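structure.pdb (PDB, C-alpha atoms, pLDDT in the B column)
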```pdb
ATOM      1  CA  MET A   1     -39.282  11.475  -3.120  1.00 86.00           C
ATOM      2  CA  LYS A   2     -38.599  14.007  -0.376  1.00 91.00           C
ATOM      3  CA  PHE A   3     -36.426  12.854   2.518  1.00 91.00           C
ATOM      4  CA  THR A   4     -36.216  13.985   6.130  1.00 92.00           C
ATOM      5  CA  PHE A   5     -33.444  12.464   8.238  1.00 92.00           C
ATOM      6  CA  THR A   6     -33.324  12.427  12.033  1.00 91.00           C
ATOM      7  CA  GLU A   7     -30.576  11.084  14.264  1.00 91.00           C
ATOM      8  CA  LYS A   8     -30.863   9.948  17.875  1.00 90.00           C
ATOM      9  CA  LYS A   9     -27.759   9.294  19.962  1.00 84.00           C
ATOM     10  CA  MET A  10     -25.553   9.084  16.872  1.00 85.00           C
ATOM     11  CA  ASP A  11     -24.291  10.957  13.840  1.00 84.00           C
ATOM     12  CA  SER A  12     -24.954   9.543  10.392  1.00 83.00           C
ATOM     13  CA  SER A  13     -22.490   9.842   7.550  1.00 88.00           C
ATOM     14  CA  GLU A  14     -23.228  11.298   4.132  1.00 90.00           C
ATOM     15  CA  ASP A  15     -22.594   7.817   2.695  1.00 93.00           C
ATOM     16  CA  LEU A  16     -25.339   6.350   4.900  1.00 91.00           C
ATOM     17  CA  ARG A  17     -27.764   9.094   3.894  1.00 92.00           C
ATOM     18  CA  ALA A  18     -26.981   8.638   0.188  1.00 93.00           C
ATOM     19  CA  TYR A  19     -27.354   4.857   0.544  1.00 93.00           C
ATOM     20  CA  SER A  20     -30.692   5.300   2.315  1.00 92.00           C
ATOM     21  CA  GLU A  21     -31.965   7.728  -0.330  1.00 93.00           C
ATOM     22  CA  ARG A  22     -30.984   5.316  -3.086  1.00 93.00           C
ATOM     23  CA  LYS A  23     -32.607   2.277  -1.420  1.00 93.00           C
ATOM     24  CA  ILE A  24     -35.782   4.020  -0.210  1.00 91.00           C
ATOM     25  CA  GLY A  25     -36.054   5.948  -3.482  1.00 91.00           C
ATOM     26  CA  LYS A  26     -36.656   2.651  -5.290  1.00 89.00           C
ATOM     27  CA  LEU A  27     -40.044   2.453  -3.520  1.00 88.00           C
ATOM     28  CA  ASP A  28     -41.115   5.587  -5.405  1.00 85.00           C
ATOM     29  CA  ARG A  29     -42.153   3.391  -8.354  1.00 85.00           C
ATOM     30  CA  PHE A  30     -45.191   2.244  -6.331  1.00 83.00           C
ATOM     31  CA  PHE A  31     -46.613   5.760  -6.000  1.00 81.00           C
ATOM     32  CA  LYS A  32     -48.267   7.982  -8.593  1.00 81.00           C
ATOM     33  CA  THR A  33     -47.416  11.202  -6.762  1.00 84.00           C
ATOM     34  CA  GLU A  34     -44.318  12.301  -4.887  1.00 86.00           C
ATOM     35  CA  ALA A  35     -43.982  10.583  -1.525  1.00 87.00           C
ATOM     36  CA  GLU A  36     -42.287  11.804   1.647  1.00 91.00           C
ATOM     37  CA  ALA A  37     -39.832   9.610   3.530  1.00 92.00           C
ATOM     38  CA  PHE A  38     -38.991  10.178   7.179  1.00 93.00           C
ATOM     39  CA  VAL A  39     -35.897   8.249   8.244  1.00 93.00           C
ATOM     40  CA  THR A  40     -34.644   8.061  11.831  1.00 93.00           C
ATOM     41  CA  PHE A  41     -31.269   6.559  12.685  1.00 93.00           C
ATOM     42  CA  SER A  42     -30.630   5.664  16.310  1.00 92.00           C
ATOM     43  CA  LEU A  43     -28.240   3.690  18.463  1.00 90.00           C
ATOM     44  CA  GLU A  44     -29.796   1.398  21.103  1.00 87.00           C
ATOM     45  CA  ARG A  45     -27.630  -0.773  23.374  1.00 87.00           C
ATOM     46  CA  GLY A  46     -24.890  -1.019  20.786  1.00 86.00           C
ATOM     47  CA  ARG A  47     -27.267  -1.914  17.946  1.00 90.00           C
ATOM     48  CA  PHE A  48     -28.445   0.257  15.070  1.00 92.00           C
ATOM     49  CA  ARG A  49     -32.114   1.050  14.480  1.00 92.00           C
ATOM     50  CA  ALA A  50     -33.474   2.454  11.229  1.00 93.00           C
ATOM     51  CA  GLU A  51     -37.078   3.683  11.384  1.00 94.00           C
ATOM     52  CA  ILE A  52     -38.565   4.421   7.972  1.00 93.00           C
ATOM     53  CA  THR A  53     -41.947   6.061   7.475  1.00 93.00           C
ATOM     54  CA  ILE A  54     -43.291   6.817   4.012  1.00 92.00           C
ATOM     55  CA  HIS A  55     -46.276   9.109   3.526  1.00 89.00           C
ATOM     56  CA  ASN A  56     -48.149   9.160   0.240  1.00 85.00           C
ATOM     57  CA  ASN A  57     -51.755  10.072  -0.568  1.00 80.00           C
ATOM     58  CA  GLY A  58     -52.848  10.061   3.056  1.00 78.00           C
ATOM     59  CA  LEU A  59     -51.429   6.597   3.751  1.00 82.00           C
ATOM     60  CA  TYR A  60     -48.445   5.845   5.956  1.00 87.00           C
ATOM     61  CA  TYR A  61     -46.124   2.877   5.653  1.00 90.00           C
ATOM     62  CA  ARG A  62     -43.741   2.276   8.537  1.00 92.00           C
ATOM     63  CA  ALA A  63     -40.956  -0.140   9.388  1.00 92.00           C
ATOM     64  CA  SER A  64     -38.432  -0.217  12.211  1.00 92.00           C
ATOM     65  CA  GLU A  65     -35.461  -2.561  12.074  1.00 92.00           C
ATOM     66  CA  LEU A  66     -32.738  -3.190  14.669  1.00 92.00           C
ATOM     67  CA  THR A  67     -29.502  -4.916  13.568  1.00 91.00           C
ATOM     68  CA  ASN A  68     -25.749  -4.801  14.170  1.00 92.00           C
ATOM     69  CA  ASP A  69     -25.211  -2.785  10.969  1.00 91.00           C
ATOM     70  CA  MET A  70     -27.097   0.378  10.001  1.00 91.00           C
ATOM     71  CA  TYR A  71     -26.967  -0.482   6.297  1.00 93.00           C
ATOM     72  CA  ALA A  72     -28.585  -3.852   7.037  1.00 93.00           C
ATOM     73  CA  SER A  73     -31.253  -2.065   9.106  1.00 93.00           C
ATOM     74  CA  VAL A  74     -32.055   0.184   6.141  1.00 93.00           C
ATOM     75  CA  ASP A  75     -32.213  -2.818   3.786  1.00 94.00           C
ATOM     76  CA  SER A  76     -34.550  -4.721   6.127  1.00 93.00           C
ATOM     77  CA  GLY A  77     -36.762  -1.668   6.608  1.00 93.00           C
ATOM     78  CA  VAL A  78     -37.105  -1.102   2.865  1.00 93.00           C
ATOM     79  CA  ALA A  79     -37.949  -4.790   2.325  1.00 93.00           C
ATOM     80  CA  ALA A  80     -40.604  -4.637   5.072  1.00 92.00           C
ATOM     81  CA  ILE A  81     -42.234  -1.538   3.585  1.00 91.00           C
ATOM     82  CA  GLU A  82     -42.197  -3.069   0.112  1.00 90.00           C
ATOM     83  CA  ARG A  83     -44.005  -6.133   1.504  1.00 88.00           C
ATOM     84  CA  GLN A  84     -46.600  -3.843   3.158  1.00 86.00           C
ATOM     85  CA  ILE A  85     -47.191  -1.945  -0.058  1.00 83.00           C
ATOM     86  CA  ARG A  86     -47.519  -5.086  -2.183  1.00 83.00           C
ATOM     87  CA  ARG A  87     -49.787  -6.809   0.354  1.00 81.00           C
ATOM     88  CA  ASN A  88     -52.105  -3.828   0.786  1.00 77.00           C
ATOM     89  CA  LYS A  89     -52.168  -2.239  -2.664  1.00 73.00           C
ATOM     90  CA  THR A  90     -54.502  -4.858  -4.127  1.00 69.00           C
ATOM     91  CA  ARG A  91     -56.732  -4.721  -1.050  1.00 69.00           C
ATOM     92  CA  LEU A  92     -56.948  -0.942  -1.301  1.00 64.00           C
ATOM     93  CA  GLU A  93     -57.840  -1.067  -4.974  1.00 65.00           C
ATOM     94  CA  LYS A  94     -60.453  -3.836  -4.660  1.00 63.00           C
ATOM     95  CA  ARG A  95     -62.165  -3.519  -1.275  1.00 56.00           C
ATOM     96  CA  LEU A  96     -62.115   0.169  -0.503  1.00 53.00           C
ATOM     97  CA  ARG A  97     -63.757   3.130  -2.154  1.00 51.00           C
ATOM     98  CA  ASP A  98     -62.550   4.584  -5.428  1.00 51.00           C
ATOM     99  CA  GLY A  99     -59.954   7.298  -5.172  1.00 50.00           C
ATOM    100  CA  VAL A 100     -58.058   5.883  -2.186  1.00 49.00           C
ATOM    101  CA  LEU A 101     -54.842   5.823  -4.182  1.00 49.00           C
ATOM    102  CA  VAL A 102     -55.394   9.337  -5.576  1.00 48.00           C
ATOM    103  CA  GLU A 103     -53.911  12.473  -4.024  1.00 42.00           C
ATOM    104  CA  ARG A 104     -56.035  13.948  -1.267  1.00 42.00           C
ATOM    105  CA  ASP A 105     -56.228  17.659  -0.593  1.00 44.00           C
ATOM    106  CA  ALA A 106     -55.782  17.598   3.192  1.00 42.00           C
ATOM    107  CA  VAL A 107     -52.389  16.549   4.516  1.00 43.00           C
ATOM    108  CA  PRO A 108     -51.968  15.832   8.236  1.00 44.00           C
ATOM    109  CA  ALA A 109     -49.891  18.480   9.927  1.00 42.00           C
ATOM    110  CA  PHE A 110     -48.096  16.943  12.886  1.00 43.00           C
ATOM    111  CA  ALA A 111     -47.122  19.636  15.310  1.00 40.00           C
ATOM    112  CA  PRO A 112     -45.943  18.790  18.796  1.00 43.00           C
ATOM    113  CA  GLN A 113     -47.536  20.990  21.432  1.00 43.00           C
ATOM    114  CA  GLU A 114     -45.658  22.530  24.328  1.00 42.00           C
ATOM    115  CA  GLU A 115     -45.843  20.628  27.591  1.00 41.00           C
ATOM    116  CA  GLU A 116     -47.996  22.056  30.333  1.00 40.00           C
ATOM    117  CA  ALA A 117     -47.090  21.707  33.988  1.00 39.00           C
ATOM    118  CA  ASP A 118     -49.925  19.843  35.690  1.00 37.00           C
ATOM    119  CA  GLU A 119     -49.720  18.291  39.133  1.00 50.00           C
ATOM    120  CA  GLU A 120     -52.032  15.313  38.587  1.00 65.00           C
ATOM    121  CA  PHE A 121     -51.839  14.629  34.846  1.00 67.00           C
ATOM    122  CA  LYS A 122     -48.767  15.285  32.811  1.00 78.00           C
ATOM    123  CA  ILE A 123     -49.102  15.219  29.035  1.00 81.00           C
ATOM    124  CA  VAL A 124     -45.710  14.191  27.715  1.00 83.00           C
ATOM    125  CA  ARG A 125     -46.527  14.376  24.001  1.00 84.00           C
ATOM    126  CA  SER A 126     -49.259  15.928  21.930  1.00 84.00           C
ATOM    127  CA  LYS A 127     -49.942  15.843  18.199  1.00 80.00           C
ATOM    128  CA  ARG A 128     -52.259  17.757  15.911  1.00 82.00           C
ATOM    129  CA  PHE A 129     -53.446  16.266  12.648  1.00 77.00           C
ATOM    130  CA  SER A 130     -56.288  16.529  10.200  1.00 79.00           C
ATOM    131  CA  ILE A 131     -58.909  13.819  10.514  1.00 83.00           C
ATOM    132  CA  LYS A 132     -59.712  12.323   7.134  1.00 81.00           C
ATOM    133  CA  PRO A 133     -63.054  10.965   5.936  1.00 87.00           C
ATOM    134  CA  MET A 134     -62.790   7.245   5.199  1.00 88.00           C
ATOM    135  CA  SER A 135     -64.595   3.970   5.676  1.00 89.00           C
ATOM    136  CA  PRO A 136     -64.003   1.869   8.820  1.00 90.00           C
ATOM    137  CA  GLU A 137     -62.247  -0.750   6.673  1.00 90.00           C
ATOM    138  CA  GLU A 138     -59.806   1.845   5.342  1.00 89.00           C
ATOM    139  CA  ALA A 139     -59.222   3.122   8.899  1.00 89.00           C
ATOM    140  CA  ILE A 140     -58.416  -0.430  10.083  1.00 91.00           C
ATOM    141  CA  LEU A 141     -55.995  -0.841   7.197  1.00 89.00           C
ATOM    142  CA  GLN A 142     -54.323   2.484   8.024  1.00 87.00           C
ATOM    143  CA  MET A 143     -54.126   1.547  11.728  1.00 88.00           C
ATOM    144  CA  ASN A 144     -52.452  -1.760  10.831  1.00 86.00           C
ATOM    145  CA  LEU A 145     -50.001  -0.061   8.464  1.00 84.00           C
ATOM    146  CA  LEU A 146     -48.982   2.287  11.279  1.00 83.00           C
ATOM    147  CA  ASP A 147     -48.950  -0.595  13.779  1.00 82.00           C
ATOM    148  CA  HIS A 148     -51.086   1.409  16.217  1.00 86.00           C
ATOM    149  CA  GLU A 149     -53.656   0.136  18.697  1.00 88.00           C
ATOM    150  CA  PHE A 150     -56.322   2.649  17.592  1.00 89.00           C
ATOM    151  CA  PHE A 151     -57.032   5.138  14.791  1.00 90.00           C
ATOM    152  CA  VAL A 152     -59.227   8.264  14.730  1.00 91.00           C
ATOM    153  CA  PHE A 153     -61.045   9.157  11.503  1.00 90.00           C
ATOM    154  CA  ARG A 154     -64.209  10.690  10.033  1.00 89.00           C
ATOM    155  CA  ASN A 155     -66.631   7.858   9.272  1.00 89.00           C
ATOM    156  CA  MET A 156     -67.942   8.568   5.778  1.00 87.00           C
ATOM    157  CA  ASP A 157     -70.502   5.782   6.305  1.00 84.00           C
ATOM    158  CA  ALA A 158     -72.005   7.776   9.218  1.00 83.00           C
ATOM    159  CA  GLU A 159     -72.198  11.311   7.773  1.00 82.00           C
ATOM    160  CA  ASP A 160     -68.539  12.098   8.590  1.00 81.00           C
ATOM    161  CA  ALA A 161     -69.000  11.540  12.326  1.00 86.00           C
ATOM    162  CA  ILE A 162     -65.794  11.324  14.350  1.00 88.00           C
ATOM    163  CA  ALA A 163     -64.992   7.643  14.947  1.00 91.00           C
ATOM    164  CA  VAL A 164     -62.280   5.426  16.407  1.00 92.00           C
ATOM    165  CA  VAL A 165     -61.333   1.900  15.368  1.00 93.00           C
ATOM    166  CA  TYR A 166     -59.268  -0.177  17.769  1.00 93.00           C
ATOM    167  CA  LYS A 167     -57.795  -3.652  18.214  1.00 90.00           C
ATOM    168  CA  ARG A 168     -59.679  -5.788  20.723  1.00 88.00           C
ATOM    169  CA  LYS A 169     -57.765  -7.947  23.208  1.00 84.00           C
ATOM    170  CA  GLN A 170     -60.063 -10.882  22.352  1.00 85.00           C
ATOM    171  CA  GLY A 171     -59.227 -10.465  18.668  1.00 87.00           C
ATOM    172  CA  GLY A 172     -60.939  -8.535  15.926  1.00 90.00           C
ATOM    173  CA  TYR A 173     -61.619  -4.814  15.870  1.00 93.00           C
ATOM    174  CA  GLY A 174     -63.946  -2.374  17.600  1.00 92.00           C
ATOM    175  CA  LEU A 175     -65.587   0.807  16.322  1.00 91.00           C
ATOM    176  CA  ILE A 176     -66.555   3.789  18.466  1.00 91.00           C
ATOM    177  CA  CYS A 177     -68.630   6.377  16.630  1.00 85.00           C
ATOM    178  CA  ASP A 178     -70.095   9.746  17.609  1.00 76.00           C
ATOM    179  CA  ASP A 179     -73.890   9.688  17.419  1.00 69.00           C
ATOM    180  CA  GLY A 180     -74.016  13.413  16.611  1.00 60.00           C
ATOM    181  CA  GLU A 181     -76.169  14.382  19.614  1.00 55.00           C
ATOM    182  CA  GLU A 182     -74.954  16.836  22.226  1.00 48.00           C
TER     183      GLU A 182
END
```

I need this file expressed as structure tokens, please.
Amino acid sequence: MKFTFTEKKMDSSEDLRAYSERKIGKLDRFFKTEAEAFVTFSLERGRFRAEITIHNNGLYYRASELTNDMYASVDSGVAAIERQIRRNKTRLEKRLRDGVLVERDAVPAFAPQEEEADEEFKIVRSKRFSIKPMSPEEAILQMNLLDHEFFVFRNMDAEDAIAVVYKRKQGGYGLICDDGEE
């Protein structure tokens, strides 16, 4: 597993990094190919936050834990991701299309864009990523794994049209799909 560590408002020790690699590395047994782990350590109001994101085969698993001890935050984050993987692995294998758990050729490339000075609208963050073809069910699963309110994807059920799934305030999910007409 490849690791990328980030620190916000604190410095992490080599012991903490080694501990994190050892604990998060145990999750590697769930994946057929090499996964990437992005770990962010931060200090918030005197408490320690560990944010762990694991990327493998186009799927992201994320957990963020805030405790009084950074080691406990890492432990809780790893346990949360393990629960996500166990809960969703069977669903991925049974309900979604074949090949979901197989390496995909396109990997999202997140690249923050430079801010532009605009008087009325100020974009404070911008990301670029590849949009993957998948079913709406797989997109909803991915959105829930990331704990986002919406998710953009190529709807393979609608000739790879750009689509968005989102959480509705009344419960359930919504789907917005491009009809292909200009």

Which centre and which edge lengths, in Å to one decimal, describe the axis-aligned box that holds all listed atoms of region 54-69 of chain A after 6 Å is added on each side, as AutoDock Vina command-line options?
```
--center_x -39.0 --center_y 2.6 --center_z 7.1 --size_x 39.6 --size_y 27.0 --size_z 27.2
```

### Query
Hey, can you pull every residue with an atom no more than 8 Å from (-38.9, 8.3, 1.4), using all atoms listed in the file, and send it as a list in words?
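Checked against the point, the hits come out as Met1, Lys2, Phe3, Thr4, Glu21, Ile24, Gly25, Leu27, Asp28, Ala35, Glu36, Ala37, Phe38, Val39, Ile52, Thr53, Ile54 and His55 of chain A.
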
#### Entry: Among the residues A:Glu149, A:Lys23, A:Gly172, A:Ala158, the one that comes closest to Ala72 (chain A) [using all atoms listed in the file]
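With all atoms listed in the file as the atom set, the closest residue is A:Lys23.
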
### Message
I need every residue sitting at most 8 Å from the point (-34.5, -0.1, 4.6) (coordinates as in the file, only C-alpha atoms considered), written as number ranges by chain.
### Response
A: 20, 23-24, 50, 52, 65, 71-81

Could those selected residues go to a file with C-alpha atoms, as a short mmCIF file (atom, residue, chain, number, x, y, z; two decimals), in the frame of the given file?
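out.cif, written as the output of this step:
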```cif
data_model
loop_
_atom_site.label_atom_id
_atom_site.label_comp_id
_atom_site.auth_asym_id
_atom_site.auth_seq_id
_atom_site.Cartn_x
_atom_site.Cartn_y
_atom_site.Cartn_z
CA SER A 20 -30.69 5.30 2.32
CA LYS A 23 -32.61 2.28 -1.42
CA ILE A 24 -35.78 4.02 -0.21
CA ALA A 50 -33.47 2.45 11.23
CA ILE A 52 -38.56 4.42 7.97
CA GLU A 65 -35.46 -2.56 12.07
CA TYR A 71 -26.97 -0.48 6.30
CA ALA A 72 -28.58 -3.85 7.04
CA SER A 73 -31.25 -2.06 9.11
CA VAL A 74 -32.06 0.18 6.14
CA ASP A 75 -32.21 -2.82 3.79
CA SER A 76 -34.55 -4.72 6.13
CA GLY A 77 -36.76 -1.67 6.61
CA VAL A 78 -37.10 -1.10 2.86
CA ALA A 79 -37.95 -4.79 2.33
CA ALA A 80 -40.60 -4.64 5.07
CA ILE A 81 -42.23 -1.54 3.58
#
```

### Query
Written as a ChimeraX atom specification, what is the full residue list that the PyMOL selection byres ((chain A and resi 173-179) around 8) yields on the file shown?
/A:136,140,155,161-168,171-172,180-181

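With CA of Arg17 (chain A) on one side and CA of Lys127 (chain A) on the other, the separation reads 27.2 Å.
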
### Query
How many Å separate CA of Phe150 (chain A) from CA of Gly58 (chain A)?
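Separation of CA of Phe150 (chain A) and CA of Gly58 (chain A): 16.7 Å.
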
### Counting only C-alpha atoms, the residue of A:Ser13, A:Asn56, A:Ser64, A:Ser135 that sits nearest Lys32 (chain A)
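Distance minimum relative to Lys32 (chain A) lands on A:Asn56.
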
### Task
Find the residue from A:Arg45, A:Arg87, A:Met134, A:Glu82 that sits nearest to Asn68 (chain A); use all atoms listed in the file when measuring.
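Checking each of A:Arg45, A:Arg87, A:Met134, A:Glu82 against Asn68 (chain A), counting all atoms listed in the file, the winner is A:Arg45.
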